[in-house]
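Source file: structure_19.txt (compact mmCIF, C-alpha atoms (C1' of nucleotides))
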# COMPACT_ATOMS: atom_id res chain seq x y z
CA MET A 932 -6.09 5.91 -31.34
CA THR A 933 -9.11 4.26 -29.78
CA VAL A 934 -10.40 4.92 -26.28
CA LYS A 935 -9.28 1.48 -25.22
CA GLU A 936 -5.72 2.03 -26.39
CA ARG A 937 -5.49 5.43 -24.74
CA VAL A 938 -6.72 3.99 -21.45
CA VAL A 939 -4.24 1.13 -21.54
CA ARG A 940 -1.37 3.41 -22.43
CA ALA A 941 -2.15 5.86 -19.62
CA ALA A 942 -2.75 3.07 -17.13
CA VAL A 943 0.54 1.36 -17.92
CA ARG A 944 2.48 4.55 -17.42
CA LEU A 945 0.79 5.38 -14.12
CA PHE A 946 0.98 1.82 -12.78
CA ALA A 947 4.70 1.71 -13.56
CA GLU A 948 5.30 5.08 -11.97
CA LYS A 949 3.26 4.85 -8.78
CA GLY A 950 2.09 1.28 -8.51
CA PHE A 951 -1.27 -0.27 -9.17
CA GLU A 952 -3.00 0.43 -5.88
CA ALA A 953 -1.67 3.95 -5.56
CA THR A 954 -3.08 4.87 -8.95
CA THR A 955 -6.73 5.92 -8.92
CA VAL A 956 -9.22 5.38 -11.70
CA ARG A 957 -9.74 9.14 -11.75
CA GLU A 958 -6.07 9.68 -12.54
CA ILE A 959 -6.21 7.16 -15.35
CA VAL A 960 -9.22 8.71 -17.07
CA GLU A 961 -7.73 12.16 -16.66
CA ALA A 962 -4.39 11.14 -18.17
CA ALA A 963 -6.12 9.26 -20.97
CA GLY A 964 -8.47 12.12 -21.75
CA VAL A 965 -11.58 9.99 -21.34
CA THR A 966 -14.26 9.65 -18.69
CA LYS A 967 -15.16 6.96 -16.22
CA GLY A 968 -18.13 5.95 -18.30
CA GLY A 969 -15.84 5.33 -21.23
CA LEU A 970 -13.40 3.31 -19.21
CA TYR A 971 -16.02 1.14 -17.56
CA HIS A 972 -17.65 0.59 -20.92
CA TYR A 973 -14.57 -1.30 -22.09
CA PHE A 974 -13.22 -2.73 -18.83
CA GLU A 975 -15.10 -4.58 -16.14
CA SER A 976 -12.98 -3.28 -13.33
CA LYS A 977 -9.63 -1.75 -12.46
CA ASP A 978 -8.36 -5.26 -11.95
CA ASP A 979 -9.52 -6.29 -15.40
CA LEU A 980 -7.44 -3.47 -16.83
CA LEU A 981 -4.33 -4.81 -15.13
CA PHE A 982 -5.08 -8.27 -16.43
CA GLU A 983 -5.28 -7.06 -20.03
CA ILE A 984 -1.82 -5.58 -19.68
CA TYR A 985 -0.57 -8.89 -18.34
CA ALA A 986 -2.20 -11.02 -20.97
CA ALA A 987 -0.85 -8.94 -23.84
CA MET A 988 2.70 -9.00 -22.46
CA LEU A 989 2.61 -12.72 -21.77
CA ARG A 990 1.25 -13.70 -25.16
CA MET A 991 3.81 -11.59 -26.96
CA GLN A 992 6.86 -12.74 -25.04
CA THR A 993 5.87 -16.40 -25.02
CA ARG A 994 5.22 -16.43 -28.75
CA ARG A 995 8.59 -14.88 -29.55
CA MET A 996 10.46 -17.22 -27.21
CA VAL A 997 8.84 -20.32 -28.70
CA THR A 998 9.69 -19.20 -32.22
CA ILE A 999 13.35 -18.92 -31.32
CA ALA A 1000 13.40 -22.10 -29.23
CA GLU A 1001 12.03 -24.07 -32.17
CA SER A 1002 14.51 -22.70 -34.66
CA ASP A 1003 17.38 -24.88 -35.80
CA LEU A 1004 20.18 -22.71 -34.47
CA PRO A 1005 22.78 -24.35 -32.23
CA LEU A 1006 21.57 -24.50 -28.64
CA PRO A 1007 23.80 -21.79 -27.14
CA GLU A 1008 22.81 -19.42 -29.91
CA ARG A 1009 19.15 -20.10 -29.35
CA LEU A 1010 19.56 -19.29 -25.65
CA HIS A 1011 21.51 -16.19 -26.53
CA ALA A 1012 18.85 -15.01 -28.95
CA ILE A 1013 16.07 -15.63 -26.42
CA ILE A 1014 17.76 -13.48 -23.79
CA VAL A 1015 18.51 -10.67 -26.23
CA ASP A 1016 14.92 -10.77 -27.45
CA VAL A 1017 13.28 -10.66 -24.04
CA VAL A 1018 15.54 -7.81 -22.97
CA VAL A 1019 14.94 -5.82 -26.14
CA THR A 1020 11.16 -6.22 -25.99
CA SER A 1021 11.10 -5.47 -22.27
CA ILE A 1022 13.02 -2.25 -22.83
CA ALA A 1023 10.91 -1.31 -25.84
CA ASP A 1024 7.89 -1.15 -23.55
CA LEU A 1025 9.58 -0.70 -20.22
CA ASP A 1026 6.51 0.58 -18.39
CA ALA A 1027 4.52 -2.50 -19.26
CA ALA A 1028 7.43 -4.72 -18.29
CA THR A 1029 7.77 -2.94 -14.96
CA VAL A 1030 4.10 -3.40 -14.19
CA PHE A 1031 4.30 -6.98 -15.35
CA PHE A 1032 7.05 -7.91 -12.95
CA GLN A 1033 5.90 -5.85 -10.01
CA SER A 1034 2.15 -5.94 -9.71
CA PHE A 1035 1.55 -9.64 -9.89
CA PRO A 1036 0.43 -10.08 -6.27
CA LEU A 1037 -2.26 -7.44 -6.78
CA LEU A 1038 -4.10 -9.38 -9.45
CA GLU A 1039 -7.25 -11.20 -8.41
CA LYS A 1040 -6.36 -14.68 -7.23
CA SER A 1041 -8.20 -16.41 -10.05
CA LYS A 1042 -6.32 -14.36 -12.63
CA GLN A 1043 -3.06 -15.03 -10.84
CA VAL A 1044 -3.60 -18.72 -11.46
CA GLN A 1045 -3.96 -18.18 -15.21
CA VAL A 1046 -0.90 -15.97 -15.42
CA ARG A 1047 1.19 -18.22 -13.24
CA ALA A 1048 0.38 -21.20 -15.42
CA GLU A 1049 1.60 -19.49 -18.55
CA ARG A 1050 4.67 -18.04 -16.84
CA ARG A 1051 5.47 -21.55 -15.69
CA THR A 1052 5.45 -23.00 -19.16
CA TYR A 1053 7.72 -20.15 -20.27
CA HIS A 1054 10.11 -20.85 -17.43
CA GLU A 1055 10.12 -24.60 -18.04
CA ARG A 1056 10.66 -24.21 -21.73
CA VAL A 1057 13.81 -22.17 -21.25
CA ARG A 1058 14.99 -24.29 -18.35
CA ASP A 1059 14.79 -27.36 -20.56
CA LEU A 1060 17.15 -25.72 -23.02
CA VAL A 1061 19.67 -25.23 -20.22
CA ALA A 1062 19.20 -28.78 -18.96
CA GLU A 1063 19.67 -30.11 -22.48
CA GLY A 1064 22.94 -28.23 -22.77
CA GLN A 1065 24.05 -29.58 -19.42
CA ARG A 1066 23.36 -33.17 -20.47
CA ALA A 1067 25.25 -32.57 -23.70
CA GLY A 1068 28.23 -31.24 -21.79
CA ILE A 1069 28.02 -27.82 -23.45
CA PHE A 1070 27.09 -26.18 -20.13
CA ARG A 1071 28.50 -26.89 -16.69
CA ALA A 1072 26.18 -29.18 -14.75
CA ASP A 1073 27.13 -28.41 -11.16
CA VAL A 1074 24.30 -25.92 -10.75
CA PRO A 1075 20.56 -26.73 -10.99
CA ALA A 1076 18.97 -25.55 -14.24
CA ASP A 1077 15.98 -24.16 -12.35
CA LEU A 1078 18.20 -21.99 -10.21
CA VAL A 1079 20.05 -20.76 -13.28
CA ILE A 1080 16.79 -19.68 -14.89
CA ASN A 1081 15.48 -18.02 -11.74
CA TYR A 1082 18.77 -16.21 -11.37
CA HIS A 1083 19.08 -14.83 -14.87
CA PHE A 1084 15.42 -14.03 -15.40
CA GLY A 1085 15.40 -12.37 -12.00
CA ALA A 1086 18.04 -10.02 -13.32
CA ILE A 1087 15.94 -9.30 -16.40
CA HIS A 1088 12.82 -8.68 -14.34
CA ARG A 1089 14.54 -5.86 -12.47
CA LEU A 1090 15.36 -3.94 -15.63
CA GLY A 1091 12.67 -1.38 -14.94
CA MET A 1092 14.33 -0.48 -11.65
CA TRP A 1093 17.45 0.97 -13.18
CA TYR A 1094 17.35 1.17 -16.97
CA HIS A 1095 16.58 4.59 -18.41
CA ALA A 1096 16.18 5.21 -22.08
CA ASP A 1097 18.36 8.31 -21.91
CA GLY A 1098 21.31 6.27 -20.69
CA GLU A 1099 24.29 5.27 -22.76
CA LEU A 1100 23.26 1.74 -23.63
CA SER A 1101 20.60 0.72 -26.14
CA GLY A 1102 18.24 -2.15 -25.47
CA GLU A 1103 20.16 -4.24 -27.98
CA GLN A 1104 23.46 -3.59 -26.19
CA VAL A 1105 22.01 -4.42 -22.78
CA GLY A 1106 20.48 -7.56 -24.23
CA ARG A 1107 23.80 -8.74 -25.63
CA HIS A 1108 25.60 -8.03 -22.38
CA PHE A 1109 22.97 -9.96 -20.44
CA ALA A 1110 23.10 -12.91 -22.81
CA ASP A 1111 26.88 -12.93 -22.61
CA LEU A 1112 26.83 -12.88 -18.82
CA MET A 1113 24.44 -15.81 -18.78
CA LEU A 1114 26.32 -17.96 -21.27
CA ARG A 1115 29.67 -17.24 -19.67
CA SER A 1116 28.36 -18.25 -16.28
CA LEU A 1117 27.43 -21.60 -17.84
CA ARG A 1118 30.76 -22.20 -19.58
CA PRO A 1119 32.22 -25.51 -18.37
CA MET B 328 8.34 -9.43 22.92
CA THR B 329 7.45 -5.76 22.95
CA VAL B 330 4.45 -4.25 21.23
CA LYS B 331 6.72 -2.59 18.72
CA GLU B 332 8.38 -5.86 17.74
CA ARG B 333 5.08 -7.65 17.39
CA VAL B 334 3.74 -4.92 15.14
CA VAL B 335 6.81 -4.95 12.93
CA ARG B 336 6.79 -8.71 12.66
CA ALA B 337 3.12 -8.87 11.70
CA ALA B 338 3.45 -5.96 9.28
CA VAL B 339 6.42 -7.50 7.49
CA ARG B 340 4.59 -10.76 6.98
CA LEU B 341 1.46 -9.10 5.67
CA PHE B 342 3.30 -6.62 3.46
CA ALA B 343 5.29 -9.46 1.90
CA GLU B 344 2.19 -11.54 1.38
CA LYS B 345 -0.30 -9.01 0.05
CA GLY B 346 1.65 -5.85 -0.60
CA PHE B 347 1.85 -2.63 1.36
CA GLU B 348 -1.23 -0.89 0.01
CA ALA B 349 -3.43 -3.95 0.09
CA THR B 350 -2.68 -4.47 3.78
CA THR B 351 -4.89 -2.48 6.14
CA VAL B 352 -3.86 -1.14 9.52
CA ARG B 353 -6.73 -3.13 11.03
CA GLU B 354 -5.22 -6.37 9.69
CA ILE B 355 -1.85 -5.50 11.15
CA VAL B 356 -3.14 -4.78 14.63
CA GLU B 357 -5.29 -7.89 14.55
CA ALA B 358 -2.37 -10.11 13.51
CA ALA B 359 -0.09 -8.47 16.06
CA GLY B 360 -2.64 -8.74 18.85
CA VAL B 361 -2.52 -5.03 19.64
CA THR B 362 -4.87 -2.11 19.07
CA LYS B 363 -4.76 0.88 16.78
CA GLY B 364 -4.01 3.10 19.74
CA GLY B 365 -0.99 1.00 20.55
CA LEU B 366 0.28 1.01 17.00
CA TYR B 367 -0.08 4.76 16.55
CA HIS B 368 1.60 5.31 19.88
CA TYR B 369 4.83 3.91 18.45
CA PHE B 370 4.52 4.77 14.76
CA GLU B 371 3.56 8.06 13.22
CA SER B 372 1.83 6.50 10.24
CA LYS B 373 1.54 3.37 8.17
CA ASP B 374 4.28 4.79 5.99
CA ASP B 375 6.53 5.29 8.98
CA LEU B 376 6.15 1.60 9.74
CA LEU B 377 7.34 0.69 6.27
CA PHE B 378 10.27 3.02 6.63
CA GLU B 379 11.40 1.37 9.86
CA ILE B 380 11.50 -1.96 8.06
CA TYR B 381 13.58 -0.39 5.32
CA ALA B 382 15.99 1.36 7.63
CA ALA B 383 16.70 -1.76 9.66
CA MET B 384 17.34 -3.88 6.56
CA LEU B 385 19.56 -1.27 4.96
CA ARG B 386 21.68 -0.66 8.03
CA MET B 387 22.22 -4.35 8.57
CA GLN B 388 23.14 -5.26 5.02
CA THR B 389 25.35 -2.24 4.48
CA ARG B 390 27.26 -2.84 7.70
CA ARG B 391 27.94 -6.47 6.83
CA MET B 392 29.00 -5.64 3.28
CA VAL B 393 31.45 -2.97 4.43
CA THR B 394 33.01 -5.32 6.96
CA ILE B 395 33.73 -7.86 4.24
CA ALA B 396 34.83 -5.27 1.68
CA GLU B 397 37.40 -3.91 4.13
CA SER B 398 38.83 -7.28 5.02
CA ASP B 399 42.19 -8.31 3.59
CA LEU B 400 40.96 -11.29 1.60
CA PRO B 401 41.86 -11.44 -2.10
CA LEU B 402 39.43 -9.43 -4.18
CA PRO B 403 37.50 -12.28 -5.81
CA GLU B 404 37.01 -13.91 -2.43
CA ARG B 405 35.72 -10.67 -0.96
CA LEU B 406 33.19 -10.39 -3.77
CA HIS B 407 32.23 -14.02 -3.31
CA ALA B 408 31.73 -13.56 0.43
CA ILE B 409 29.62 -10.44 -0.10
CA ILE B 410 27.24 -12.22 -2.42
CA VAL B 411 26.93 -15.25 -0.16
CA ASP B 412 26.29 -12.99 2.80
CA VAL B 413 23.60 -10.87 1.19
CA VAL B 414 21.82 -13.98 -0.10
CA VAL B 415 21.98 -15.73 3.26
CA THR B 416 20.70 -12.73 5.21
CA SER B 417 17.99 -12.07 2.63
CA ILE B 418 16.77 -15.64 2.92
CA ALA B 419 17.01 -15.61 6.70
CA ASP B 420 14.37 -12.86 6.74
CA LEU B 421 12.79 -13.38 3.38
CA ASP B 422 9.61 -11.46 4.16
CA ALA B 423 11.53 -8.34 5.04
CA ALA B 424 13.70 -8.73 1.95
CA THR B 425 10.64 -9.14 -0.25
CA VAL B 426 9.09 -5.98 1.14
CA PHE B 427 12.41 -4.21 0.82
CA PHE B 428 12.77 -4.89 -2.86
CA GLN B 429 9.15 -4.51 -3.84
CA SER B 430 7.56 -1.68 -1.93
CA PHE B 431 10.08 1.04 -2.55
CA PRO B 432 7.87 3.17 -4.83
CA LEU B 433 5.22 3.29 -2.10
CA LEU B 434 7.42 5.06 0.41
CA GLU B 435 6.89 8.77 0.87
CA LYS B 436 9.05 10.67 -1.59
CA SER B 437 11.20 12.25 1.11
CA LYS B 438 11.94 8.86 2.62
CA GLN B 439 12.68 7.46 -0.83
CA VAL B 440 15.46 9.99 -1.13
CA GLN B 441 17.08 8.82 2.09
CA VAL B 442 16.82 5.17 1.18
CA ARG B 443 18.01 5.72 -2.36
CA ALA B 444 21.08 7.56 -1.12
CA GLU B 445 22.14 4.69 1.09
CA ARG B 446 21.34 2.08 -1.56
CA ARG B 447 23.50 4.07 -3.92
CA THR B 448 26.54 3.97 -1.68
CA TYR B 449 26.01 0.22 -1.31
CA HIS B 450 25.84 -0.20 -5.06
CA GLU B 451 28.88 1.96 -5.71
CA ARG B 452 30.95 0.25 -3.08
CA VAL B 453 30.44 -3.16 -4.66
CA ARG B 454 30.76 -1.80 -8.18
CA ASP B 455 34.16 -0.37 -7.28
CA LEU B 456 35.31 -3.83 -6.28
CA VAL B 457 34.36 -5.10 -9.72
CA ALA B 458 35.98 -2.15 -11.46
CA GLU B 459 39.16 -2.70 -9.45
CA GLY B 460 39.26 -6.32 -10.56
CA GLN B 461 38.74 -5.26 -14.16
CA ARG B 462 41.64 -2.82 -14.03
CA ALA B 463 43.83 -5.50 -12.47
CA GLY B 464 42.92 -7.92 -15.25
CA ILE B 465 41.36 -10.41 -12.86
CA PHE B 466 37.92 -9.80 -14.36
CA ARG B 467 36.99 -9.34 -18.00
CA ALA B 468 36.61 -5.66 -18.83
CA ASP B 469 34.34 -5.76 -21.89
CA VAL B 470 31.20 -5.18 -19.82
CA PRO B 471 30.46 -2.07 -17.71
CA ALA B 472 30.86 -2.63 -13.96
CA ASP B 473 27.60 -0.82 -13.28
CA LEU B 474 25.69 -3.15 -15.56
CA VAL B 475 27.30 -6.16 -13.92
CA ILE B 476 26.17 -4.99 -10.49
CA ASN B 477 22.65 -4.17 -11.64
CA TYR B 478 22.44 -7.54 -13.29
CA HIS B 479 23.58 -9.67 -10.39
CA PHE B 480 21.89 -7.73 -7.64
CA GLY B 481 18.72 -7.75 -9.73
CA ALA B 482 18.83 -11.53 -9.55
CA ILE B 483 19.27 -11.36 -5.78
CA HIS B 484 16.41 -8.92 -5.37
CA ARG B 485 13.99 -11.37 -6.95
CA LEU B 486 14.75 -14.12 -4.44
CA GLY B 487 11.46 -13.60 -2.65
CA MET B 488 9.58 -14.38 -5.85
CA TRP B 489 10.64 -18.00 -6.05
CA TYR B 490 12.64 -19.17 -3.05
CA HIS B 491 10.72 -21.20 -0.49
CA ALA B 492 12.24 -22.40 2.75
CA ASP B 493 10.80 -25.86 2.27
CA GLY B 494 12.70 -26.34 -0.98
CA GLU B 495 15.78 -28.43 -1.41
CA LEU B 496 18.41 -25.74 -1.20
CA SER B 497 19.54 -23.94 1.94
CA GLY B 498 20.29 -20.23 1.94
CA GLU B 499 23.98 -21.01 2.12
CA GLN B 500 23.78 -23.26 -0.96
CA VAL B 501 21.84 -20.70 -2.95
CA GLY B 502 24.33 -18.03 -1.90
CA ARG B 503 27.28 -20.08 -3.10
CA HIS B 504 25.60 -20.87 -6.41
CA PHE B 505 24.83 -17.19 -6.94
CA ALA B 506 28.36 -16.12 -6.09
CA ASP B 507 29.75 -18.76 -8.42
CA LEU B 508 27.51 -17.63 -11.26
CA MET B 509 28.65 -14.06 -10.78
CA LEU B 510 32.37 -14.78 -10.59
CA ARG B 511 32.24 -17.18 -13.54
CA SER B 512 30.50 -14.59 -15.67
CA LEU B 513 33.43 -12.26 -14.95
CA ARG B 514 36.18 -14.77 -15.69
CA PRO B 515 38.42 -13.39 -18.46
C1' DC C 38 6.02 5.38 54.62
C1' DT C 39 2.22 7.85 52.41
C1' DC C 40 0.12 10.94 49.43
C1' DT C 41 0.23 13.68 45.22
C1' DT C 42 1.78 14.45 40.71
C1' DC C 43 2.73 13.51 36.25
C1' DA C 44 4.56 11.15 32.22
C1' DT C 45 4.18 7.12 29.57
C1' DA C 46 1.58 3.30 27.57
C1' DC C 47 -2.24 1.96 25.67
C1' DC C 48 -7.46 1.64 24.41
C1' DG C 49 -11.33 1.83 21.02
C1' DA C 50 -15.26 4.53 19.35
C1' DC C 51 -15.37 7.66 16.00
C1' DC C 52 -14.40 10.72 11.73
C1' DG C 53 -13.93 12.65 7.09
C1' DC C 54 -12.31 11.60 2.77
C1' DG C 55 -11.79 9.66 -1.45
C1' DC C 56 -11.94 5.40 -3.41
C1' DG C 57 -14.03 1.95 -7.09
C1' DG C 58 -18.11 1.43 -9.11
C1' DT C 59 -23.01 2.53 -11.00
C1' DA C 60 -27.35 4.56 -13.01
C1' DC C 61 -29.11 6.85 -16.40
C1' DG C 62 -29.39 10.18 -19.96
C1' DA C 63 -27.52 12.02 -24.39
C1' DC C 64 -25.63 11.80 -28.78
C1' DG C 65 -24.55 9.90 -33.31
C1' DC C 66 -25.02 6.66 -36.79
C1' DA C 67 -27.78 2.85 -39.15
C1' DT D 1395 -36.26 4.15 -33.88
C1' DG D 1396 -32.64 1.30 -31.91
C1' DC D 1397 -28.17 0.24 -30.53
C1' DG D 1398 -23.51 1.05 -29.34
C1' DT D 1399 -20.72 4.68 -27.18
C1' DC D 1400 -19.80 7.42 -24.08
C1' DG D 1401 -20.59 11.70 -20.14
C1' DT D 1402 -21.88 13.00 -15.44
C1' DA D 1403 -23.74 13.02 -11.11
C1' DC D 1404 -23.82 10.31 -7.57
C1' DC D 1405 -23.24 6.29 -3.93
C1' DG D 1406 -21.77 3.33 -0.07
C1' DC D 1407 -17.93 1.57 2.03
C1' DG D 1408 -13.83 1.03 4.29
C1' DC D 1409 -9.75 3.18 4.68
C1' DG D 1410 -5.90 5.75 7.59
C1' DG D 1411 -5.88 8.43 11.23
C1' DT D 1412 -7.64 10.92 15.75
C1' DC D 1413 -8.72 11.94 20.32
C1' DG D 1414 -10.63 11.83 24.95
C1' DG D 1415 -9.93 8.80 28.32
C1' DT D 1416 -7.73 5.26 31.68
C1' DA D 1417 -4.22 2.28 34.02
C1' DT D 1418 0.34 1.99 35.82
C1' DG D 1419 4.24 3.17 38.17
C1' DA D 1420 8.24 6.19 39.13
C1' DA D 1421 9.61 10.52 41.47
C1' DG D 1422 9.20 14.20 45.03
C1' DA D 1423 7.22 16.31 49.13
C1' DG D 1424 5.98 15.95 53.93
Can you dump the structure from the file as structure tokens?
Amino acid sequence: MTVKERVVRAAVRLFAEKGFEATTVREIVEAAGVTKGGLYHYFESKDDLLFEIYAAMLRMQTRRMVTIAESDLPLPERLHAIIVDVVVTSIADLDAATVFFQSFPLLEKSKQVQVRAERRTYHERVRDLVAEGQRAGIFRADVPADLVINYHFGAIHRLGMWYHADGELSGEQVGRHFADLMLRSLRP
Amino acid sequence: MTVKERVVRAAVRLFAEKGFEATTVREIVEAAGVTKGGLYHYFESKDDLLFEIYAAMLRMQTRRMVTIAESDLPLPERLHAIIVDVVVTSIADLDAATVFFQSFPLLEKSKQVQVRAERRTYHERVRDLVAEGQRAGIFRADVPADLVINYHFGAIHRLGMWYHADGELSGEQVGRHFADLMLRSLRP
DNA sequence: CTCTTCATACCGACCGCGCGGTACGACGCA
DNA sequence: TGCGTCGTACCGCGCGGTCGGTATGAAGAG
């Protein structure tokens, strides 16, 4: 494992556990078994480290979502698969997901803009699926598609607050339950 | 308005906007129009200030929830009213709600224990309503009540991330949509 | 009614600590 | 020798918190 990977791994765990600001660079290098010189050789700043975590998560989740959205499955099944996938991948790297959904305001403003832009396209892409289903009469149309997306993704973004790997449910099971809850709430 | 109130009001706004750790005591006293001496006369520490915000929010929301839960309305209507109420009160003081649901890990550990205990009773109280409905056959029973509560309250806890008062929907409207989404997802 | 006492409310200059970040040397490989 | 890869000793800053002091006004004594 490279120095860079060890730093990222340690940082993600600490950020998830104690928050970005409460975690010191000294703690990160200690947990990663490297030194400050090593860390600052690969990262410009503590903030830059957070941004790398963000960028990796965003790229991965967006790519997977687009792949499913562009498949030729029936619309409700595409939506179902997207929810299951985002839940499963979030749980697979729960620390990163926790950081991702909690530390956004702490990013430098300029980096926030970048991240927000990509998050927006993600949001709109999925929202359009819902809106399409509403127009087709597959989904009930008496609730705004934007609100539906904010609602259900809000639920997903809080996963890190309560899910523990030693619990009874696997990521796959949680994902299916979530997808079912979403689709049922849209049933006409 | 007393010094204490002004401090709390300013602190809530700043904590919601920039996060607890990123907000300095100097910024708070400046925004509140008081001095450090005044602040530390009423609060033991910056952490104590955060805790007061938490305690007030918790007491208020728990009290309201219990009142509704103990009413003699039919079960689904009680659940509906609880969701509408928590959404409306969260939106009425969105800054406090945002802080409440985001800054928990930054509280002192001993205070976390207190808060967690009360949050737990809140959670269990509402979960029991769902479980009761499942046993009675009013709600579908193929999904764990705990997961249902985590899911739907997760959505509520993210309100501060996207709701803006200048949008099209009032707190009441959002509350009703949320409650509808929840009850529909439980329809057998 | 006046004088003394004392608690409460608040002020703001100051402090020590530990933070993120840096400078520079060393080591290994080409 | 030269370049990329670190290690280590250090730095300045700004943070949360402190502490000696003052203003105010209620309570008790005479």
Go ahead and compute the interatomic distance for atom CA of Gly487 of chain B and atom CA of Met328 of chain B, in Å to one decimal.
26.1 Å
Give me, as a ChimeraX atom specification, the contact residues of chain A against chain C at a cut-off of 9 Å, counting all atoms listed in the file.
/A:955-956,971,976-977
Tell me as number ranges by chain which residues belonging to chain D come within 10 Å of chain B, counting only C-alpha atoms (C1' of nucleotides).
D: 1408-1412
Using only C-alpha atoms, determine which residues of chain A fall within 10 Å of chain B; present them as a PyMOL selection string.
chain A and resi 947-953+1032-1034+1036-1037+1073-1075+1078-1090+1092-1094+1100+1105+1108-1109+1111-1119
Just-selected residues, C-alpha atoms written as a compact mmCIF listing (two decimals), in the coordinates of the input:
# COMPACT_ATOMS: atom_id res chain seq x y z
CA ALA A 947 4.70 1.71 -13.56
CA GLU A 948 5.30 5.08 -11.97
CA LYS A 949 3.26 4.85 -8.78
CA GLY A 950 2.09 1.28 -8.51
CA PHE A 951 -1.27 -0.27 -9.17
CA GLU A 952 -3.00 0.43 -5.88
CA ALA A 953 -1.67 3.95 -5.56
CA PHE A 1032 7.05 -7.91 -12.95
CA GLN A 1033 5.90 -5.85 -10.01
CA SER A 1034 2.15 -5.94 -9.71
CA PRO A 1036 0.43 -10.08 -6.27
CA LEU A 1037 -2.26 -7.44 -6.78
CA ASP A 1073 27.13 -28.41 -11.16
CA VAL A 1074 24.30 -25.92 -10.75
CA PRO A 1075 20.56 -26.73 -10.99
CA LEU A 1078 18.20 -21.99 -10.21
CA VAL A 1079 20.05 -20.76 -13.28
CA ILE A 1080 16.79 -19.68 -14.89
CA ASN A 1081 15.48 -18.02 -11.74
CA TYR A 1082 18.77 -16.21 -11.37
CA HIS A 1083 19.08 -14.83 -14.87
CA PHE A 1084 15.42 -14.03 -15.40
CA GLY A 1085 15.40 -12.37 -12.00
CA ALA A 1086 18.04 -10.02 -13.32
CA ILE A 1087 15.94 -9.30 -16.40
CA HIS A 1088 12.82 -8.68 -14.34
CA ARG A 1089 14.54 -5.86 -12.47
CA LEU A 1090 15.36 -3.94 -15.63
CA MET A 1092 14.33 -0.48 -11.65
CA TRP A 1093 17.45 0.97 -13.18
CA TYR A 1094 17.35 1.17 -16.97
CA LEU A 1100 23.26 1.74 -23.63
CA VAL A 1105 22.01 -4.42 -22.78
CA HIS A 1108 25.60 -8.03 -22.38
CA PHE A 1109 22.97 -9.96 -20.44
CA ASP A 1111 26.88 -12.93 -22.61
CA LEU A 1112 26.83 -12.88 -18.82
CA MET A 1113 24.44 -15.81 -18.78
CA LEU A 1114 26.32 -17.96 -21.27
CA ARG A 1115 29.67 -17.24 -19.67
CA SER A 1116 28.36 -18.25 -16.28
CA LEU A 1117 27.43 -21.60 -17.84
CA ARG A 1118 30.76 -22.20 -19.58
CA PRO A 1119 32.22 -25.51 -18.37
Just to confirm, what's the straight-line distance from atom CA of Ile410 of chain B to atom CA of Ala506 of chain B in Å (one decimal)?
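Computed distance, atom CA of Ile410 of chain B to atom CA of Ala506 of chain B, equals 5.5 Å.
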Report, in Å to a single decimal, how far apart atom CA of Glu1063 of chain A and atom CA of Glu1008 of chain A are.
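Atom CA of Glu1063 of chain A lies at a distance of 13.4 Å from atom CA of Glu1008 of chain A.
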Could you tell me which of B:Glu499, B:Ala423, B:Tyr381, B:Ser398 comes closest to Arg443 of chain B if we count all atoms listed in the file?
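For Arg443 of chain B, the nearest of the given residues is B:Tyr381.
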Hey, could you patch up segment 461-469 of chain B with N, CA and C atoms and hand it over as a JSON list (two decimals), in the frame of the given file?
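Below you can see result03.json, which holds the result:
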[["chain", "number", "residue", "atom", "x", "y", "z"],
["B", 461, "GLN", "N", 38.61, -5.41, -12.70],
["B", 461, "GLN", "CA", 38.74, -5.26, -14.16],
["B", 461, "GLN", "C", 40.06, -4.57, -14.51],
["B", 462, "ARG", "N", 40.37, -3.52, -13.77],
["B", 462, "ARG", "CA", 41.64, -2.82, -14.03],
["B", 462, "ARG", "C", 42.83, -3.73, -13.81],
["B", 463, "ALA", "N", 42.72, -4.60, -12.80],
["B", 463, "ALA", "CA", 43.83, -5.50, -12.47],
["B", 463, "ALA", "C", 43.90, -6.69, -13.43],
["B", 464, "GLY", "N", 42.90, -6.81, -14.30],
["B", 464, "GLY", "CA", 42.92, -7.92, -15.25],
["B", 464, "GLY", "C", 42.40, -9.23, -14.68],
["B", 465, "ILE", "N", 41.91, -9.19, -13.45],
["B", 465, "ILE", "CA", 41.36, -10.41, -12.86],
["B", 465, "ILE", "C", 39.98, -10.72, -13.47],
["B", 466, "PHE", "N", 39.24, -9.64, -13.76],
["B", 466, "PHE", "CA", 37.92, -9.80, -14.36],
["B", 466, "PHE", "C", 37.94, -9.28, -15.79],
["B", 467, "ARG", "N", 37.09, -9.84, -16.63],
["B", 467, "ARG", "CA", 36.99, -9.34, -18.00],
["B", 467, "ARG", "C", 36.44, -7.91, -17.97],
["B", 468, "ALA", "N", 36.91, -7.09, -18.88],
["B", 468, "ALA", "CA", 36.61, -5.66, -18.83],
["B", 468, "ALA", "C", 35.70, -5.20, -19.97],
["B", 469, "ASP", "N", 35.16, -6.16, -20.73],
["B", 469, "ASP", "CA", 34.34, -5.76, -21.89],
["B", 469, "ASP", "C", 32.87, -5.56, -21.54]]
